[in-house]
file upload_1.cif (mmCIF, C-alpha atoms and all ligand atoms)
data_protein
#
loop_
_atom_site.label_atom_id
_atom_site.label_comp_id
_atom_site.auth_asym_id
_atom_site.auth_seq_id
_atom_site.Cartn_x
_atom_site.Cartn_y
_atom_site.Cartn_z
CA MET U 1 0.00 0.00 0.00
CA VAL U 2 1.25 3.51 -0.79
CA GLU U 3 2.85 5.28 2.18
CA ILE U 4 2.92 9.03 2.66
CA GLU U 5 5.09 10.66 5.31
CA VAL U 6 4.17 14.07 6.68
CA ASN U 7 6.66 16.87 7.36
CA ALA U 8 6.58 19.12 10.45
CA LEU U 9 3.55 21.06 9.10
CA GLY U 10 1.71 17.83 8.38
CA LYS U 11 2.58 16.48 11.82
CA LYS U 12 0.76 19.44 13.41
CA LYS U 13 -2.28 18.76 11.23
CA VAL U 14 -2.32 15.10 12.29
CA GLU U 15 -2.04 16.10 15.97
CA LEU U 16 -5.12 18.28 15.47
CA ARG U 17 -6.90 15.35 13.79
CA ASN U 18 -7.39 17.53 10.71
CA PRO U 19 -8.27 15.08 7.91
CA TRP U 20 -6.85 17.07 4.96
CA ILE U 21 -3.12 16.81 4.24
CA TYR U 22 -1.93 19.22 1.53
CA ASN U 23 1.07 18.67 -0.75
CA ARG U 24 3.10 21.31 1.18
CA GLU U 25 2.63 19.17 4.32
CA ILE U 26 4.22 16.04 2.86
CA LYS U 27 7.82 14.88 3.18
CA SER U 28 7.76 11.80 0.94
CA ILE U 29 5.52 9.44 -1.03
CA VAL U 30 6.51 5.80 -1.45
CA GLY U 31 4.66 4.10 -4.32
CA ASN U 32 2.86 5.35 -7.41
CA PRO U 33 -0.77 5.61 -6.35
CA GLU U 34 -3.73 5.69 -8.71
CA LEU U 35 -6.36 8.40 -8.31
CA GLY U 36 -8.18 7.87 -4.99
CA GLU U 37 -6.26 4.73 -4.00
CA VAL U 38 -6.21 3.80 -0.30
CA GLY U 39 -2.93 4.67 1.41
CA ILE U 40 -1.30 4.98 4.81
CA LEU U 41 -0.14 8.21 6.43
CA LYS U 42 3.07 8.14 8.48
CA SER U 43 4.49 10.61 10.96
CA GLY U 44 8.12 9.58 11.35
CA GLU U 45 7.98 5.81 11.75
CA LYS U 46 4.49 5.84 13.22
CA LEU U 47 1.48 4.82 11.07
CA VAL U 48 -1.09 7.49 11.92
CA ALA U 49 -4.01 7.21 9.49
CA ILE U 50 -5.56 5.37 6.59
CA GLY U 51 -7.24 7.30 3.80
CA PHE U 52 -7.57 8.27 0.15
CA VAL U 53 -4.57 9.45 -1.87
CA ASN U 54 -4.69 11.85 -4.80
CA THR U 55 -1.28 13.16 -5.85
CA LYS U 56 -2.93 15.27 -8.58
CA SER U 57 -4.91 17.33 -6.05
CA LYS U 58 -3.66 20.00 -3.62
CA ILE U 59 -5.22 17.82 -0.91
CA VAL U 60 -3.01 14.77 -1.37
CA PHE U 61 -4.34 12.69 1.54
CA ARG U 62 -7.84 12.59 3.03
CA VAL U 63 -8.06 10.68 6.31
CA LEU U 64 -10.71 7.99 6.50
CA ASP U 65 -9.66 6.73 9.94
CA PHE U 66 -6.94 7.50 12.47
CA ASN U 67 -6.82 3.76 13.20
CA VAL U 68 -4.91 2.15 10.32
CA ASN U 69 -6.07 -1.42 10.99
CA VAL U 70 -9.49 -1.19 9.40
CA ASP U 71 -11.25 -2.77 6.44
CA VAL U 72 -11.96 0.27 4.24
CA GLY U 73 -14.99 -1.25 2.46
CA ARG U 74 -16.58 -2.14 5.79
CA VAL U 75 -15.86 1.30 7.30
CA ILE U 76 -17.51 3.03 4.35
CA ARG U 77 -20.62 0.86 4.63
CA GLU U 78 -20.86 1.30 8.42
CA ARG U 79 -20.51 5.08 8.12
CA ILE U 80 -23.23 5.26 5.48
CA LYS U 81 -25.48 3.24 7.81
CA ASN U 82 -24.67 5.45 10.82
CA ALA U 83 -25.32 8.59 8.78
CA VAL U 84 -28.70 7.30 7.62
CA ASP U 85 -29.66 6.10 11.13
CA ARG U 86 -28.78 9.35 12.92
CA ARG U 87 -31.16 11.31 10.67
CA LYS U 88 -34.16 8.99 11.08
CA ASP U 89 -35.90 11.35 13.52
CA LEU U 90 -35.79 14.42 11.28
CA SER U 91 -39.50 14.39 10.56
CA ASN U 92 -40.31 18.01 9.70
CA THR U 93 -39.28 17.55 6.07
CA ASN U 94 -39.29 15.15 3.12
CA SER U 95 -35.80 16.31 2.04
CA LEU U 96 -32.51 16.19 3.92
CA ARG U 97 -28.77 15.77 3.73
CA LEU U 98 -28.03 12.09 4.36
CA ILE U 99 -24.24 12.27 4.24
CA HIS U 100 -22.18 15.39 4.95
CA ALA U 101 -18.74 14.28 3.73
CA GLU U 102 -15.89 14.42 6.32
CA ALA U 103 -18.35 15.31 9.11
CA ASP U 104 -19.94 11.89 8.60
CA GLY U 105 -16.53 10.24 8.24
CA LEU U 106 -16.83 9.92 4.45
CA PRO U 107 -14.28 12.22 2.74
CA GLY U 108 -15.75 14.13 -0.18
CA LEU U 109 -19.08 12.28 -0.26
CA VAL U 110 -22.23 14.40 -0.20
CA VAL U 111 -25.63 12.71 -0.41
CA ASP U 112 -29.02 14.43 -0.26
CA LYS U 113 -32.43 12.76 -0.25
CA TYR U 114 -35.52 14.31 -1.83
CA GLY U 115 -38.37 11.93 -1.07
CA ASP U 116 -37.47 8.75 -2.99
CA ASN U 117 -34.76 10.49 -5.00
CA VAL U 118 -31.13 10.41 -3.92
CA ILE U 119 -28.63 12.95 -5.28
CA CYS U 120 -24.91 12.22 -4.74
CA SER U 121 -21.75 14.23 -5.25
CA PHE U 122 -18.45 12.37 -5.24
CA ASP U 123 -16.14 15.31 -4.54
CA SER U 124 -12.94 13.39 -3.77
CA ALA U 125 -11.03 10.88 -5.86
CA GLY U 126 -11.47 8.35 -3.02
CA ALA U 127 -15.25 8.70 -2.92
CA ASP U 128 -15.25 8.43 -6.72
CA ARG U 129 -13.16 5.27 -6.64
CA PHE U 130 -15.62 3.62 -4.22
CA LYS U 131 -18.67 4.83 -6.19
CA SER U 132 -20.14 1.40 -6.93
CA GLU U 133 -19.80 0.25 -3.28
CA ILE U 134 -21.40 3.51 -2.10
CA VAL U 135 -24.29 3.24 -4.58
CA TYR U 136 -24.84 -0.39 -3.55
CA ALA U 137 -24.98 0.54 0.15
CA ILE U 138 -27.37 3.45 -0.47
CA LYS U 139 -29.66 1.21 -2.55
CA GLU U 140 -29.76 -1.32 0.28
CA LEU U 141 -30.13 1.10 3.19
CA VAL U 142 -32.28 3.86 1.70
CA LYS U 143 -34.21 1.97 -0.98
CA PRO U 144 -34.61 4.98 -3.28
CA LYS U 145 -36.38 4.85 -6.63
CA GLY U 146 -33.35 6.48 -8.22
CA ILE U 147 -29.83 7.79 -7.59
CA TYR U 148 -28.41 10.72 -9.54
CA GLU U 149 -24.82 11.93 -9.61
CA LYS U 150 -24.44 15.71 -9.50
CA ALA U 151 -20.88 16.53 -10.49
CA ASN U 152 -19.57 19.67 -8.78
CA ALA U 153 -16.93 21.88 -10.34
CA VAL U 154 -14.75 20.95 -7.32
CA ARG U 155 -14.19 17.55 -9.01
CA GLY U 156 -11.98 19.37 -11.51
CA LYS U 157 -9.55 20.13 -8.66
CA GLU U 158 -9.37 16.37 -8.02
CA ARG U 159 -8.75 15.80 -11.76
CA LEU U 160 -12.06 13.94 -12.04
CA ASP U 161 -14.50 14.40 -14.93
CA VAL U 162 -17.46 16.71 -14.34
CA LYS U 163 -20.51 14.84 -15.63
CA ASN U 164 -24.05 14.54 -14.27
CA GLN U 165 -25.63 11.12 -14.66
CA VAL U 166 -28.28 8.72 -13.43
CA LEU U 167 -26.55 5.97 -11.44
CA TYR U 168 -29.60 3.88 -10.69
CA GLY U 169 -33.35 3.77 -11.41
CA GLN U 170 -35.26 6.94 -12.19
CA VAL U 171 -34.88 10.40 -10.71
CA ASP U 172 -37.53 13.16 -10.89
CA ASP U 173 -36.67 16.36 -12.80
CA GLU U 174 -38.94 18.40 -10.53
CA PHE U 175 -39.77 17.81 -6.91
CA ILE U 176 -41.80 19.54 -4.19
CA VAL U 177 -39.73 19.95 -1.02
CA PHE U 178 -41.92 19.93 2.06
CA GLU U 179 -40.45 21.48 5.22
CA ASN U 180 -42.02 22.91 8.36
CA GLY U 181 -45.42 23.04 6.65
CA LYS U 182 -44.13 24.97 3.62
CA ARG U 183 -43.76 23.66 0.05
CA PHE U 184 -41.12 24.54 -2.51
CA LYS U 185 -40.84 23.49 -6.13
CA THR U 186 -37.29 22.57 -6.98
CA TYR U 187 -35.33 21.12 -9.91
CA LEU U 188 -33.26 18.11 -8.95
CA LYS U 189 -31.12 17.56 -12.03
CA ASP U 190 -30.71 21.04 -13.47
CA SER U 191 -30.16 23.20 -10.39
CA GLN U 192 -27.76 24.89 -7.99
CA LYS U 193 -26.46 22.61 -5.23
CA THR U 194 -28.39 19.34 -5.22
CA GLY U 195 -31.65 21.23 -5.76
CA PHE U 196 -32.60 23.16 -2.65
CA TYR U 197 -30.76 24.94 0.17
CA LEU U 198 -31.59 22.29 2.77
CA ASP U 199 -28.94 23.69 5.14
CA GLN U 200 -31.06 26.82 5.86
CA ARG U 201 -34.17 24.88 7.01
CA LYS U 202 -33.86 25.71 10.70
CA ASN U 203 -32.70 29.29 10.12
CA ARG U 204 -35.74 29.99 7.96
CA GLN U 205 -37.93 29.01 10.87
CA VAL U 206 -35.93 30.97 13.46
CA VAL U 207 -35.74 34.13 11.34
CA SER U 208 -39.45 34.03 10.44
CA ASN U 209 -40.27 34.48 14.16
CA PHE U 210 -38.86 38.00 13.87
CA CYS U 211 -40.77 39.27 10.87
CA GLY U 212 -42.89 42.39 10.73
CA GLU U 213 -45.06 43.67 7.91
CA ARG U 214 -42.42 44.01 5.19
CA THR U 215 -39.67 41.53 4.29
CA LEU U 216 -36.76 41.97 1.88
CA ASP U 217 -35.22 38.64 0.78
CA LEU U 218 -31.83 39.30 -0.87
CA PHE U 219 -30.14 36.47 -2.85
CA ALA U 220 -33.52 34.79 -2.59
CA HIS U 221 -32.93 31.68 -4.74
CA SER U 222 -36.39 30.06 -4.86
CA GLY U 223 -37.78 32.45 -2.24
CA ALA U 224 -37.75 30.23 0.84
CA PHE U 225 -36.77 32.82 3.49
CA GLY U 226 -39.29 35.39 2.28
CA ILE U 227 -42.07 32.83 1.92
CA TYR U 228 -41.55 31.58 5.51
CA THR U 229 -42.10 35.10 6.88
CA ASN U 230 -45.61 35.32 5.43
CA ALA U 231 -45.34 39.12 5.68
CA LYS U 232 -47.91 41.60 4.34
CA PHE U 233 -45.43 42.44 1.58
CA THR U 234 -42.25 40.64 0.48
CA LYS U 235 -39.66 41.68 -2.08
CA PHE U 236 -37.32 39.01 -3.48
CA VAL U 237 -34.07 39.78 -5.33
CA GLU U 238 -32.40 36.96 -7.29
CA ILE U 239 -30.02 37.11 -10.26
CA SER U 240 -30.74 33.74 -11.89
CA LYS U 241 -33.78 33.91 -14.18
CA LYS U 242 -34.60 30.20 -13.89
CA THR U 243 -34.49 30.37 -10.10
CA ALA U 244 -36.35 33.68 -9.89
CA ASP U 245 -39.13 32.07 -11.95
CA LEU U 246 -39.47 29.42 -9.22
CA ILE U 247 -40.25 32.14 -6.65
CA LYS U 248 -43.57 32.88 -8.34
CA ASP U 249 -44.57 29.18 -8.28
CA ASN U 250 -43.47 28.87 -4.66
CA CYS U 251 -45.45 31.94 -3.56
CA LYS U 252 -48.52 30.36 -5.17
CA LEU U 253 -47.86 26.99 -3.49
CA ASN U 254 -47.76 28.74 -0.09
CA ASN U 255 -50.58 31.28 -0.64
CA VAL U 256 -48.24 34.27 -0.53
CA GLU U 257 -50.04 36.96 -2.53
CA ASN U 258 -48.45 40.33 -2.01
CA PHE U 259 -44.91 40.21 -3.36
CA GLU U 260 -42.51 41.56 -5.96
CA ILE U 261 -39.68 39.66 -7.64
CA VAL U 262 -36.64 41.59 -8.83
CA ASN U 263 -34.68 39.40 -11.24
CA GLY U 264 -31.33 41.18 -10.98
CA ASP U 265 -28.12 41.91 -9.13
CA VAL U 266 -28.46 42.71 -5.40
CA PHE U 267 -25.50 45.12 -5.51
CA LYS U 268 -27.19 47.19 -8.24
CA PHE U 269 -30.59 46.89 -6.58
CA LEU U 270 -29.24 48.39 -3.34
CA GLU U 271 -27.94 51.44 -5.23
CA SER U 272 -31.45 52.64 -5.99
CA GLU U 273 -33.82 50.96 -3.48
CA ASN U 274 -35.32 53.31 -0.92
CA ASN U 275 -38.31 51.41 0.51
CA ARG U 276 -38.16 50.48 4.20
CA TYR U 277 -38.40 46.95 5.65
CA ASP U 278 -38.95 45.29 9.04
CA LEU U 279 -36.91 42.19 8.18
CA ILE U 280 -34.04 41.83 5.70
CA VAL U 281 -32.30 38.55 4.85
CA ILE U 282 -28.89 38.60 3.16
CA ASP U 283 -27.90 35.08 2.06
CA PRO U 284 -25.23 35.50 -0.64
CA PRO U 285 -23.14 32.82 -2.35
CA ALA U 286 -19.68 32.19 -0.87
CA PHE U 287 -17.62 35.31 -1.54
CA ALA U 288 -14.43 33.75 -0.13
CA LYS U 289 -13.60 30.18 -1.09
CA ASN U 290 -10.17 30.53 0.53
CA ARG U 291 -8.10 32.93 2.68
CA ASN U 292 -6.75 34.77 -0.43
CA SER U 293 -10.16 36.26 -1.13
CA LEU U 294 -10.99 37.05 2.52
CA SER U 295 -10.54 40.82 2.32
CA SER U 296 -12.61 41.23 -0.87
CA ALA U 297 -15.30 39.02 0.70
CA LYS U 298 -15.36 41.26 3.79
CA ARG U 299 -15.67 44.36 1.60
CA GLY U 300 -18.59 42.78 -0.30
CA LEU U 301 -20.39 41.81 2.90
CA LYS U 302 -19.84 45.26 4.41
CA TYR U 303 -21.31 46.94 1.32
CA LEU U 304 -24.38 44.68 1.58
CA LEU U 305 -24.78 45.30 5.31
CA VAL U 306 -24.32 49.07 5.25
CA ASN U 307 -26.78 49.52 2.40
CA SER U 308 -29.35 47.07 3.79
CA LEU U 309 -29.21 48.54 7.28
CA LYS U 310 -30.13 51.92 5.77
CA LEU U 311 -33.38 50.32 4.54
CA LEU U 312 -34.17 48.65 7.87
CA GLU U 313 -36.75 50.22 10.20
CA LYS U 314 -35.62 51.04 13.74
CA GLY U 315 -36.42 47.94 15.82
CA GLY U 316 -36.25 45.80 12.66
CA TYR U 317 -34.24 42.61 12.19
CA LEU U 318 -31.57 41.62 9.70
CA ALA U 319 -30.13 38.15 9.10
CA ILE U 320 -26.75 37.91 7.40
CA PHE U 321 -25.14 34.64 6.33
CA SER U 322 -21.78 33.40 5.12
CA CYS U 323 -21.59 30.01 3.41
CA SER U 324 -17.81 29.71 3.53
CA HIS U 325 -15.93 28.65 6.65
CA VAL U 326 -13.33 31.32 5.80
CA VAL U 327 -15.85 33.95 6.93
CA GLY U 328 -17.18 32.68 10.26
CA TYR U 329 -18.79 34.21 13.37
CA LYS U 330 -15.77 36.37 14.25
CA GLU U 331 -15.61 37.94 10.79
CA LEU U 332 -19.40 38.42 10.65
CA LEU U 333 -19.37 40.13 14.05
CA ASP U 334 -16.47 42.42 13.01
CA ILE U 335 -18.16 43.37 9.73
CA SER U 336 -21.48 43.99 11.49
CA LEU U 337 -19.84 46.26 14.06
CA SER U 338 -17.94 48.29 11.47
CA SER U 339 -21.07 48.57 9.27
CA SER U 340 -23.16 49.82 12.18
CA ILE U 341 -20.47 52.37 13.13
CA ALA U 342 -20.26 53.53 9.49
CA ILE U 343 -23.92 54.59 9.53
CA GLY U 344 -24.11 55.63 13.19
CA ILE U 345 -26.47 52.99 14.60
CA SER U 346 -26.26 50.22 17.23
CA LEU U 347 -26.95 46.56 16.60
CA GLU U 348 -27.97 43.82 19.03
CA VAL U 349 -27.00 40.19 18.32
CA VAL U 350 -30.24 38.26 18.72
CA GLU U 351 -29.20 34.80 17.48
CA PHE U 352 -26.12 32.97 16.26
CA LEU U 353 -27.25 30.86 13.30
CA LYS U 354 -25.70 27.81 11.66
CA GLN U 355 -26.44 25.02 9.18
CA ASP U 356 -29.22 22.62 10.22
CA ILE U 357 -28.39 19.38 12.09
CA ASP U 358 -28.45 17.10 9.06
CA HIS U 359 -25.28 19.02 8.03
CA PRO U 360 -23.12 18.15 11.09
CA SER U 361 -19.84 19.94 11.79
CA LEU U 362 -16.76 18.52 13.51
CA LEU U 363 -14.42 20.81 15.41
CA ASN U 364 -11.37 19.09 13.92
CA VAL U 365 -12.74 19.62 10.37
CA PRO U 366 -12.88 23.44 10.12
CA SER U 367 -14.55 23.46 6.68
CA SER U 368 -17.46 21.36 7.98
CA LEU U 369 -18.92 24.40 9.79
CA TYR U 370 -19.38 26.25 6.53
CA LEU U 371 -22.67 28.07 7.08
CA THR U 372 -22.81 30.67 9.82
CA GLY U 373 -25.07 33.65 10.31
CA LEU U 374 -26.17 36.39 12.68
CA LEU U 375 -29.65 37.65 13.40
CA LEU U 376 -29.25 41.32 14.29
CA LYS U 377 -31.67 43.92 15.63
CA LYS U 378 -31.38 47.60 14.74
CA VAL U 379 -31.58 49.10 18.20
CA ASN U 380 -31.24 52.81 17.40
C1 LIG H 401 -26.97 30.86 -0.95
S1 LIG H 401 -28.10 31.03 -2.23
C2 LIG H 401 -29.53 31.64 -1.40
C3 LIG H 401 -30.39 30.55 -0.81
C4 LIG H 401 -31.74 31.00 -0.36
N1 LIG H 401 -31.66 32.06 0.63
C5 LIG H 401 -32.56 29.86 0.20
O1 LIG H 401 -32.81 29.82 1.41
O2 LIG H 401 -32.94 28.98 -0.58
C6 LIG H 401 -27.52 32.43 -3.07
C7 LIG H 401 -28.38 32.89 -4.26
O3 LIG H 401 -27.89 34.15 -4.69
C8 LIG H 401 -28.00 34.22 -6.10
N2 LIG H 401 -27.05 35.27 -6.52
C9 LIG H 401 -25.71 35.17 -6.67
N3 LIG H 401 -25.17 36.39 -6.95
C10 LIG H 401 -26.20 37.28 -6.94
C11 LIG H 401 -26.29 38.68 -7.13
N4 LIG H 401 -25.20 39.43 -7.35
N5 LIG H 401 -27.50 39.26 -7.05
C12 LIG H 401 -28.61 38.52 -6.81
N6 LIG H 401 -28.59 37.17 -6.61
C13 LIG H 401 -27.40 36.56 -6.67
C14 LIG H 401 -27.70 32.81 -6.57
O4 LIG H 401 -28.28 32.60 -7.86
C15 LIG H 401 -28.36 31.98 -5.46
O5 LIG H 401 -29.68 31.64 -5.82
#

call {"tool": "encode", "arguments": {"input": "upload_1.cif", "output": "structure tokens"}}
result
Amino acid sequence: MVEIEVNALGKKKVELRNPWIYNREIKSIVGNPELGEVGILKSGEKLVAIGFVNTKSKIVFRVLDFNVNVDVGRVIRERIKNAVDRRKDLSNTNSLRLIHAEADGLPGLVVDKYGDNVICSFDSAGADRFKSEIVYAIKELVKPKGIYEKANAVRGKERLDVKNQVLYGQVDDEFIVFENGKRFKTYLKDSQKTGFYLDQRKNRQVVSNFCGERTLDLFAHSGAFGIYTNAKFTKFVEISKKTADLIKDNCKLNNVENFEIVNGDVFKFLESENNRYDLIVIDPPAFAKNRNSLSSAKRGLKYLLVNSLKLLEKGGYLAIFSCSHVVGYKELLDISLSSSIAIGISLEVVEFLKQDIDHPSLLNVPSSLYLTGLLLKKVN
């Protein structure tokens, strides 16, 4: 089996039980591994982990287990079973994340379930290599009517092909997500993510408790936040035409009657908007995928906050989200403080928000807590 020895940087990562070893953290590689082959990680003479190797990726080693004496096929199957079992009680929806990659002990494997449809992303060479075993286990444990592979652009970084395909049975093109008594039309095959932003389920419910008469839903996607608030008037802003068209259908499905959809760019919209709102939701795409883009991401978020806060009534609420672990609670708090100072107001932190529980996060896997948010109140 291929053996990879870490250098001093890699040793620190192993001590922190961080499962991603980058090429700059490696001292030597013995063997000529194929894409996603199982290998052993060494620190000095000690065997410290077993995992997937991809010498063509920046992340050369992804830890499957810190105990090297395991049967990899069996571990994968057991982890899929554990992931499915731990979500059995999530009853307020027909759609959920079944497997959340490293946080469920399955590097690079993301699996969402929409009723009888299963959508998988194999985002690491290791997950891709074990695709048929994974599909077999899901068929057995979940008994779906179909399994679809959604290939993320991130596969390119692993030197894997980017191709969507049916892996088993039949998968619906359209599906109605049911959550917390609300219904949302969604496209499963031709869509952002695996179809719907399942990770915001709980936050939508929390935030909707703080709505007044007028809601502004920025980066609305298919309108879920705004629809939950059931306000007297809701304005949605979304740049994608196909997605913005879904908002109309979803308002109808949920008897929301008084609304306006702006199919355009939020940044431009904020330049000219001067209506006032009691609740504003800002849920942008990830502005910072890595530390290099942190300062431009902060600038973007500050622009959004400053200009949205100007539209917020005194006593109103604003929810701001970041869906990249690079911008977490600390950064959101800093940006919120500096935005409030810039326009001479005070903000109260009402809630710390995070991804829903079917998207678990492990402390030793920093990227697994990728969705954070603040619910703020404009005090004066
Ligand atoms: C994280 S998703 C929002 C999810 C949504 N809040 C929900 O709960 O389903 C971000 C959305 O912002 C849209 N978007 C990206 N850039 C935008 C821009 N500059 N202006 C408006 N919408 C944008 C994307 O098309 C995507 O639908």

call {"tool": "closest_atom_pairs", "arguments": {"input": "upload_1.cif", "of": "range 232-334 of chain U", "to": "range 181-194 of chain U", "cutoff": "8 Å", "atoms": "only C-alpha atoms", "output": "CSV"}}
result
residue,atom,partner,partner_atom,distance
U:Leu246,CA,U:Lys185,CA,6.8
U:Asp249,CA,U:Lys185,CA,7.1
U:Asn250,CA,U:Phe184,CA,5.4
U:Leu253,CA,U:Arg183,CA,6.4
U:Asn254,CA,U:Lys182,CA,6.4

call {"tool": "closest_atom_pairs", "arguments": {"input": "upload_1.cif", "of": "chain U", "to": "ligand LIG 401 (chain H)", "cutoff": "9 Å", "atoms": "all atoms listed in the file", "output": "CSV"}}
result
residue,atom,partner,partner_atom,distance
U:Gln192,CA,H:LIG401,O5,7.3
U:Phe196,CA,H:LIG401,O2,6.2
U:Tyr197,CA,H:LIG401,O2,4.7
U:Leu198,CA,H:LIG401,O2,7.6
U:Asp199,CA,H:LIG401,O1,8.2
U:Gln200,CA,H:LIG401,O1,5.6
U:Arg201,CA,H:LIG401,O1,7.6
U:Asn203,CA,H:LIG401,O1,8.7
U:Arg204,CA,H:LIG401,O1,7.2
U:Asp217,CA,H:LIG401,N1,7.5
U:Leu218,CA,H:LIG401,C12,6.8
U:Phe219,CA,H:LIG401,O3,3.7
U:Ala220,CA,H:LIG401,N1,4.6
U:His221,CA,H:LIG401,O5,3.4
U:Ser222,CA,H:LIG401,O2,5.6
U:Gly223,CA,H:LIG401,O2,6.2
U:Ala224,CA,H:LIG401,O1,5.0
U:Phe225,CA,H:LIG401,O1,5.4
U:Gly226,CA,H:LIG401,N1,8.5
U:Val237,CA,H:LIG401,C12,5.8
U:Glu238,CA,H:LIG401,N6,3.9
U:Ile239,CA,H:LIG401,N6,3.9
U:Ser240,CA,H:LIG401,O4,4.9
U:Lys241,CA,H:LIG401,O4,8.5
U:Thr243,CA,H:LIG401,O5,6.6
U:Ala244,CA,H:LIG401,O5,8.1
U:Val262,CA,H:LIG401,C12,8.8
U:Asn263,CA,H:LIG401,C12,7.6
U:Gly264,CA,H:LIG401,C12,5.6
U:Asp265,CA,H:LIG401,N5,3.4
U:Val266,CA,H:LIG401,N5,3.9
U:Phe267,CA,H:LIG401,N4,6.0
U:Lys268,CA,H:LIG401,N5,8.0
U:Phe269,CA,H:LIG401,N5,8.2
U:Val281,CA,H:LIG401,N1,7.8
U:Ile282,CA,H:LIG401,N1,7.5
U:Asp283,CA,H:LIG401,N1,5.0
U:Pro284,CA,H:LIG401,C6,4.5
U:Pro285,CA,H:LIG401,C6,4.5
U:Ala286,CA,H:LIG401,C1,7.4
U:Phe321,CA,H:LIG401,C1,8.4
U:Ser322,CA,H:LIG401,C1,8.4
U:Cys323,CA,H:LIG401,C1,7.0

call {"tool": "atom_distance", "arguments": {"input": "upload_1.cif", "atom1": "CA of Tyr22 in chain U", "atom2": "CA of Met1 in chain U"}}
result
19.4 Å

call {"tool": "residues_around", "arguments": {"input": "upload_1.cif", "residues": "Ala83 in chain U", "least_positions_apart": "5", "cutoff": "10 Å", "atoms": "only C-alpha atoms", "output": "list in words"}}
result
Arg77, Glu78, Lys88, Arg97, Leu98, Ile99, His100, Ala103, Asp104, Gly105, Leu106 and Asp358 of chain U

call {"tool": "write_last_selection", "arguments": {"input": "upload_1.cif", "atoms": "C-alpha atoms", "output": "PDB file, keeping the file's coordinate frame"}}
result
ATOM      1  CA  ARG U  77     -20.620   0.860   4.630  1.00  0.00           C
ATOM      2  CA  GLU U  78     -20.860   1.300   8.420  1.00  0.00           C
ATOM      3  CA  LYS U  88     -34.160   8.990  11.080  1.00  0.00           C
ATOM      4  CA  ARG U  97     -28.770  15.770   3.730  1.00  0.00           C
ATOM      5  CA  LEU U  98     -28.030  12.090   4.360  1.00  0.00           C
ATOM      6  CA  ILE U  99     -24.240  12.270   4.240  1.00  0.00           C
ATOM      7  CA  HIS U 100     -22.180  15.390   4.950  1.00  0.00           C
ATOM      8  CA  ALA U 103     -18.350  15.310   9.110  1.00  0.00           C
ATOM      9  CA  ASP U 104     -19.940  11.890   8.600  1.00  0.00           C
ATOM     10  CA  GLY U 105     -16.530  10.240   8.240  1.00  0.00           C
ATOM     11  CA  LEU U 106     -16.830   9.920   4.450  1.00  0.00           C
ATOM     12  CA  ASP U 358     -28.450  17.100   9.060  1.00  0.00           C
TER      13      ASP U 358
END

call {"tool": "atom_distance", "arguments": {"input": "upload_1.cif", "atom1": "CA of Ile50 in chain U", "atom2": "CA of Asn18 in chain U"}}
result
13.0 Å

call {"tool": "closest_residue", "arguments": {"input": "upload_1.cif", "among": "U:Asn7, U:Thr234, U:Glu351, U:Val327", "to": "Ser293 in chain U", "atoms": "only C-alpha atoms"}}
result
U:Val327

call {"tool": "residues_around", "arguments": {"input": "upload_1.cif", "residues": "Asn274 in chain U", "least_positions_apart": "4", "cutoff": "9 Å", "atoms": "all atoms listed in the file", "output": "PyMOL selection string"}}
result
chain U and resi 270+310-311

call {"tool": "write_last_selection", "arguments": {"input": "upload_1.cif", "atoms": "C-alpha atoms", "output": "CSV table (one decimal), keeping the file's coordinate frame"}}
result
chain,number,residue,atom,x,y,z
U,270,LEU,CA,-29.2,48.4,-3.3
U,310,LYS,CA,-30.1,51.9,5.8
U,311,LEU,CA,-33.4,50.3,4.5

call {"tool": "closest_atom_pairs", "arguments": {"input": "upload_1.cif", "of": "range 134-178 of chain U", "to": "range 57-73 of chain U", "cutoff": "10 Å", "atoms": "all atoms listed in the file", "output": "tab-separated table"}}
result
residue	atom	partner	partner_atom	distance
U:Ile134	CA	U:Gly73	CA	9.2
U:Arg155	CA	U:Ser57	CA	9.7
U:Gly156	CA	U:Ser57	CA	9.2
U:Lys157	CA	U:Ser57	CA	6.0
U:Glu158	CA	U:Ser57	CA	5.0
U:Arg159	CA	U:Ser57	CA	7.0
U:Leu160	CA	U:Ser57	CA	9.9

call {"tool": "closest_residue", "arguments": {"input": "upload_1.cif", "among": "U:Gly126, U:Glu213, U:Asn152, U:Gln355", "to": "Glu34 in chain U", "atoms": "only C-alpha atoms"}}
result
U:Gly126

call {"tool": "closest_residue", "arguments": {"input": "upload_1.cif", "among": "U:Val154, U:Leu304, U:Ile119, U:Ile4", "to": "Asp173 in chain U", "atoms": "all atoms listed in the file"}}
result
U:Ile119

call {"tool": "atom_distance", "arguments": {"input": "upload_1.cif", "atom1": "CA of Val53 in chain U", "atom2": "CA of Phe130 in chain U"}}
result
12.7 Å

call {"tool": "closest_residue", "arguments": {"input": "upload_1.cif", "among": "U:Lys378, U:His325, U:Arg299, U:Lys232", "to": "Val365 in chain U", "atoms": "only C-alpha atoms"}}
result
U:His325

call {"tool": "closest_residue", "arguments": {"input": "upload_1.cif", "among": "U:Ser336, U:Asn258, U:Asn380, U:Ser367", "to": "Leu305 in chain U", "atoms": "only C-alpha atoms"}}
result
U:Ser336

call {"tool": "axis_aligned_box", "arguments": {"input": "upload_1.cif", "around": "range 75-86 of chain U", "padding_each_side": "4 Å", "output": "JSON"}}
result
{"center_x": -22.8, "center_y": 5.1, "center_z": 8.6, "size_x": 21.8, "size_y": 16.5, "size_z": 16.6}

call {"tool": "closest_residue", "arguments": {"input": "upload_1.cif", "among": "U:Ala137, U:Asn117, U:Leu90, U:Tyr303", "to": "Gly169 in chain U", "atoms": "all atoms listed in the file"}}
result
U:Asn117

call {"tool": "decode", "arguments": {"input": "upload_1.cif", "residues": "range 250-254 of chain U", "atoms": "C-alpha atoms", "output": "compact mmCIF listing (two decimals), in the first residue's frame"}}
result
# COMPACT_ATOMS: atom_id res chain seq x y z
CA ASN U 250 -43.47 28.87 -4.66
CA CYS U 251 -45.45 31.94 -3.56
CA LYS U 252 -48.52 30.36 -5.17
CA LEU U 253 -47.86 26.99 -3.49
CA ASN U 254 -47.76 28.74 -0.09
